[in-house]
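Data file: run_10.txt. Format and content: compact mmCIF, N, CA and C atoms.
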```txt
# COMPACT_ATOMS: atom_id res chain seq x y z
N MET A 229 4.85 77.32 51.36
CA MET A 229 5.82 76.90 52.35
C MET A 229 7.13 77.64 52.10
N ALA A 230 7.81 77.97 53.15
CA ALA A 230 9.05 78.74 53.04
C ALA A 230 10.17 77.89 52.47
N GLU A 231 11.00 78.52 51.68
CA GLU A 231 12.17 77.87 51.09
C GLU A 231 13.43 78.54 51.62
N PRO A 232 14.51 77.77 51.85
CA PRO A 232 15.74 78.39 52.32
C PRO A 232 16.37 79.26 51.24
N LYS A 233 16.89 80.44 51.65
CA LYS A 233 17.50 81.35 50.68
C LYS A 233 18.89 80.90 50.29
N LYS A 234 19.63 80.30 51.22
CA LYS A 234 20.99 79.86 50.95
C LYS A 234 21.15 78.40 51.36
N ARG A 235 22.12 77.75 50.76
CA ARG A 235 22.42 76.37 51.08
C ARG A 235 23.17 76.32 52.40
N GLN A 236 22.81 75.33 53.26
CA GLN A 236 23.52 75.18 54.53
C GLN A 236 24.85 74.48 54.30
N THR A 237 25.91 74.94 54.95
CA THR A 237 27.22 74.36 54.78
C THR A 237 27.32 73.00 55.46
N ARG A 238 28.32 72.22 55.06
CA ARG A 238 28.51 70.91 55.67
C ARG A 238 28.86 71.02 57.14
N SER A 239 29.62 72.05 57.50
CA SER A 239 30.00 72.19 58.91
C SER A 239 28.79 72.53 59.78
N ARG A 240 27.90 73.35 59.27
CA ARG A 240 26.70 73.71 60.04
C ARG A 240 25.78 72.49 60.17
N THR A 241 25.66 71.71 59.10
CA THR A 241 24.86 70.49 59.16
C THR A 241 25.47 69.51 60.14
N GLY A 242 26.81 69.40 60.13
CA GLY A 242 27.49 68.49 61.04
C GLY A 242 27.34 68.90 62.48
N LYS A 243 27.35 70.20 62.75
CA LYS A 243 27.15 70.68 64.12
C LYS A 243 25.75 70.31 64.62
N ARG A 244 24.78 70.40 63.75
CA ARG A 244 23.41 70.06 64.14
C ARG A 244 23.27 68.57 64.40
N ARG A 245 23.97 67.76 63.60
CA ARG A 245 23.85 66.31 63.72
C ARG A 245 24.82 65.70 64.73
N SER A 246 25.59 66.51 65.43
CA SER A 246 26.61 65.97 66.32
C SER A 246 26.03 65.19 67.50
N HIS A 247 24.78 65.39 67.83
CA HIS A 247 24.16 64.70 68.96
C HIS A 247 23.29 63.53 68.52
N LEU A 248 23.33 63.16 67.25
CA LEU A 248 22.47 62.09 66.75
C LEU A 248 23.14 60.73 66.74
N ALA A 249 24.36 60.62 67.25
CA ALA A 249 25.08 59.35 67.21
C ALA A 249 24.40 58.33 68.13
N LEU A 250 24.42 57.08 67.71
CA LEU A 250 23.85 56.01 68.52
C LEU A 250 24.87 55.56 69.56
N CYS A 251 24.40 55.25 70.75
CA CYS A 251 25.29 54.75 71.80
C CYS A 251 25.06 53.24 71.93
N PRO A 252 26.10 52.50 72.31
CA PRO A 252 25.95 51.04 72.41
C PRO A 252 24.98 50.66 73.53
N VAL A 253 24.29 49.54 73.35
CA VAL A 253 23.32 49.06 74.31
C VAL A 253 24.06 48.41 75.47
N ALA A 254 23.75 48.83 76.69
CA ALA A 254 24.38 48.26 77.87
C ALA A 254 23.71 46.94 78.23
N PRO A 255 24.47 45.85 78.34
CA PRO A 255 23.85 44.57 78.68
C PRO A 255 23.45 44.51 80.16
N THR A 256 22.41 43.73 80.44
CA THR A 256 21.99 43.48 81.81
C THR A 256 22.18 41.99 82.08
N LEU A 257 22.09 41.59 83.32
CA LEU A 257 22.25 40.19 83.67
C LEU A 257 20.90 39.49 83.72
N CYS A 258 20.87 38.29 83.19
CA CYS A 258 19.65 37.48 83.24
C CYS A 258 19.37 37.10 84.69
N SER A 259 18.12 37.22 85.10
CA SER A 259 17.77 36.90 86.49
C SER A 259 17.80 35.40 86.77
N HIS A 260 17.78 34.58 85.73
CA HIS A 260 17.75 33.13 85.92
C HIS A 260 19.14 32.52 85.86
N CYS A 261 19.93 32.85 84.82
CA CYS A 261 21.24 32.21 84.65
C CYS A 261 22.41 33.16 84.85
N LYS A 262 22.14 34.44 85.10
CA LYS A 262 23.16 35.46 85.37
C LYS A 262 24.13 35.71 84.21
N GLN A 263 23.72 35.41 82.98
CA GLN A 263 24.51 35.69 81.80
C GLN A 263 24.11 37.05 81.25
N PRO A 264 25.02 37.80 80.61
CA PRO A 264 24.64 39.11 80.05
C PRO A 264 23.68 38.96 78.88
N LYS A 265 22.68 39.84 78.84
CA LYS A 265 21.69 39.84 77.77
C LYS A 265 21.22 41.28 77.54
N ILE A 266 20.57 41.53 76.42
CA ILE A 266 20.01 42.84 76.14
C ILE A 266 18.71 42.99 76.93
N ALA A 267 18.49 44.16 77.50
CA ALA A 267 17.29 44.39 78.32
C ALA A 267 16.02 44.24 77.49
N HIS A 268 14.98 43.72 78.10
CA HIS A 268 13.66 43.53 77.49
C HIS A 268 13.70 42.56 76.31
N ARG A 269 14.61 41.59 76.35
CA ARG A 269 14.71 40.55 75.33
C ARG A 269 14.78 39.19 76.02
N VAL A 270 14.41 38.14 75.32
CA VAL A 270 14.53 36.79 75.85
C VAL A 270 16.01 36.44 75.95
N CYS A 271 16.40 35.80 77.02
CA CYS A 271 17.79 35.39 77.21
C CYS A 271 18.12 34.30 76.20
N GLY A 272 19.21 34.50 75.47
CA GLY A 272 19.62 33.52 74.46
C GLY A 272 20.26 32.29 75.06
N ASN A 273 20.68 32.38 76.31
CA ASN A 273 21.35 31.25 76.95
C ASN A 273 20.34 30.27 77.55
N CYS A 274 19.37 30.77 78.32
CA CYS A 274 18.43 29.88 79.01
C CYS A 274 17.00 29.98 78.49
N GLY A 275 16.65 31.00 77.72
CA GLY A 275 15.32 31.11 77.15
C GLY A 275 14.28 31.71 78.08
N HIS A 276 14.69 32.33 79.18
CA HIS A 276 13.76 32.91 80.14
C HIS A 276 13.53 34.38 79.85
N TYR A 277 12.33 34.85 80.16
CA TYR A 277 11.99 36.28 80.08
C TYR A 277 10.96 36.56 81.15
N ALA A 278 11.21 37.54 82.00
CA ALA A 278 10.31 37.96 83.07
C ALA A 278 9.97 36.80 84.01
N GLY A 279 10.95 35.96 84.30
CA GLY A 279 10.77 34.87 85.26
C GLY A 279 10.11 33.62 84.71
N ALA A 280 9.81 33.58 83.44
CA ALA A 280 9.16 32.40 82.85
C ALA A 280 9.96 31.92 81.65
N GLU A 281 9.95 30.61 81.39
CA GLU A 281 10.65 30.07 80.23
C GLU A 281 9.77 30.28 79.00
N VAL A 282 10.28 31.07 78.07
CA VAL A 282 9.51 31.41 76.88
C VAL A 282 9.85 30.47 75.74
N ILE A 283 11.14 30.20 75.55
CA ILE A 283 11.58 29.28 74.50
C ILE A 283 12.49 28.25 75.12
N THR A 284 12.57 27.10 74.50
CA THR A 284 13.51 26.07 74.96
C THR A 284 14.81 26.26 74.21
N PRO A 285 15.93 26.47 74.92
CA PRO A 285 17.19 26.71 74.24
C PRO A 285 17.72 25.45 73.57
N GLU A 286 18.36 25.63 72.43
CA GLU A 286 18.96 24.50 71.72
C GLU A 286 20.38 24.31 72.20
N ASP A 287 20.76 23.09 72.51
CA ASP A 287 22.12 22.81 72.97
C ASP A 287 22.98 22.24 71.88
```
Starting from the coordinates I provided, produce the structure as C-alpha cells.
Amino acid sequence: MAEPKKRQTRSRTGKRRSHLALCPVAPTLCSHCKQPKIAHRVCGNCGHYAGAEVITPED
C-alpha cells in the first residue's frame, strides 16, 4: 500500500475538512398538535407519529 512521502499541513487538512461541519436540524410542525418537532420522530408534546398515537404523553 502506498505511503505518503510528506506530512500534510494543518491548513491543507483544514481546507479538506471545511465542508464536514454539521448543520442544525430544521424543525417541522406536528400534523396533530402543530408544535415544532424533529422530522421522522414521535412528537414529544402529543405522542403522535404518522397520524397515529404511538405513546401516551405524560402530563
Report the distance between atom C of A:Glu286 and atom CA of A:Val270 in Å, rounded to one decimal place.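 That distance, rounded to one decimal, is 14.3 Å.
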Identify all residues of chain A in alpha helix (DSSP H) (DSSP on the backbone) and supply them as a list in words.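 Across chain A, those assigned alpha helix (DSSP H) are Arg238, Ser239, Arg240, Thr241, Gly242, Lys243 and Arg244 of chain A.
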Those in chain A with strand (DSSP E) from DSSP, as JSON, numbers by chain: {"A": [256, 257, 264, 265, 276, 277, 280, 281]}
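The list of residues within 8 Å of (20.1, 28.1, 76.2), counted using only N, CA and C atoms, is Cys271, Gly272, Asn273, Cys274, Gly275, His276, Ile283, Thr284, Pro285, Glu286 and Asp287 of chain A.
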So what do you get for atom N of A:Ala249 versus atom N of A:His268, distance-wise?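 Separation between atom N of A:Ala249 and atom N of A:His268: 22.2 Å.
If only C-alpha atoms are the atoms counted, then among A:Arg269, A:Ser246, A:Ala254, A:Arg235 the closest residue to A:Val282 is A:Arg269.
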Rounded to one decimal, what separation in Å do you get between atom CA of A:Thr237 and atom CA of A:Cys251? 26.0 Å
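The closest residue to A:Ala280, picked from A:Arg240, A:His260, A:Arg245, A:Lys233 and counting only C-alpha atoms, is A:His260.
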Hey, can I get the axis-aligned box for stretch 234-248 of chain A? All listed atoms, 5 Å padding on each side, centre and edge lengths in Å to one decimal, as lines of an AutoDock Vina configuration file.
```
center_x = 24.8
center_y = 70.5
center_z = 59.9
size_x = 20.4
size_y = 29.6
size_z = 28.2
```
Subset file as a compact mmCIF listing (two decimals), in the first residue's frame: chain A, C-alpha atoms:
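Listed below is the output, selection-v6.txt:
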```
# COMPACT_ATOMS: atom_id res chain seq x y z
CA MET A 229 0.00 0.00 0.00
CA ALA A 230 1.25 3.48 -0.80
CA GLU A 231 2.59 5.68 1.97
CA PRO A 232 2.62 9.49 1.92
CA LYS A 233 6.08 10.97 1.28
CA LYS A 234 5.44 14.17 3.26
CA ARG A 235 3.24 15.14 6.16
CA GLN A 236 0.13 17.13 5.25
CA THR A 237 0.00 20.59 6.82
CA ARG A 238 -2.77 21.68 9.18
CA SER A 239 -4.01 24.27 6.71
CA ARG A 240 -4.34 21.70 3.92
CA THR A 241 -6.16 19.31 6.25
CA GLY A 242 -8.44 22.15 7.36
CA LYS A 243 -9.25 23.07 3.78
CA ARG A 244 -10.28 19.49 3.09
CA ARG A 245 -12.43 19.32 6.23
CA SER A 246 -14.09 22.71 5.71
CA HIS A 247 -17.25 21.10 4.29
CA LEU A 248 -17.67 18.49 7.04
CA ALA A 249 -19.43 20.77 9.55
CA LEU A 250 -22.81 19.63 10.83
CA CYS A 251 -25.80 21.88 10.18
CA PRO A 252 -28.63 22.25 12.71
CA VAL A 253 -31.75 20.15 12.21
CA ALA A 254 -34.70 22.19 10.94
CA PRO A 255 -37.85 21.51 12.98
CA THR A 256 -41.14 20.63 11.31
CA LEU A 257 -44.65 21.09 12.66
CA CYS A 258 -46.58 18.17 14.12
CA SER A 259 -49.62 17.39 11.98
CA HIS A 260 -51.74 16.73 15.09
CA CYS A 261 -50.88 19.49 17.59
CA LYS A 262 -48.91 21.92 15.35
CA GLN A 263 -45.95 22.07 17.77
CA PRO A 264 -42.37 22.04 16.38
CA LYS A 265 -40.70 18.63 16.35
CA ILE A 266 -37.78 16.88 14.65
CA ALA A 267 -38.75 15.21 11.36
CA HIS A 268 -39.32 11.43 11.40
CA ARG A 269 -39.59 11.36 15.22
CA VAL A 270 -42.52 10.92 17.60
CA CYS A 271 -43.92 14.25 18.77
CA GLY A 272 -42.89 14.87 22.37
CA ASN A 273 -45.93 17.01 23.03
CA CYS A 274 -48.81 14.77 21.90
CA GLY A 275 -47.14 11.39 21.20
CA HIS A 276 -48.35 11.10 17.58
CA TYR A 277 -46.33 9.82 14.62
CA ALA A 278 -47.64 9.41 11.05
CA GLY A 279 -51.22 10.17 12.11
CA ALA A 280 -51.40 7.59 14.92
CA GLU A 281 -50.83 7.87 18.67
CA VAL A 282 -47.68 5.89 19.39
CA ILE A 283 -47.06 6.82 23.02
CA THR A 284 -49.23 8.40 25.68
CA PRO A 285 -47.69 11.70 26.76
CA GLU A 286 -47.07 12.29 30.45
CA ASP A 287 -48.59 15.46 31.87
```
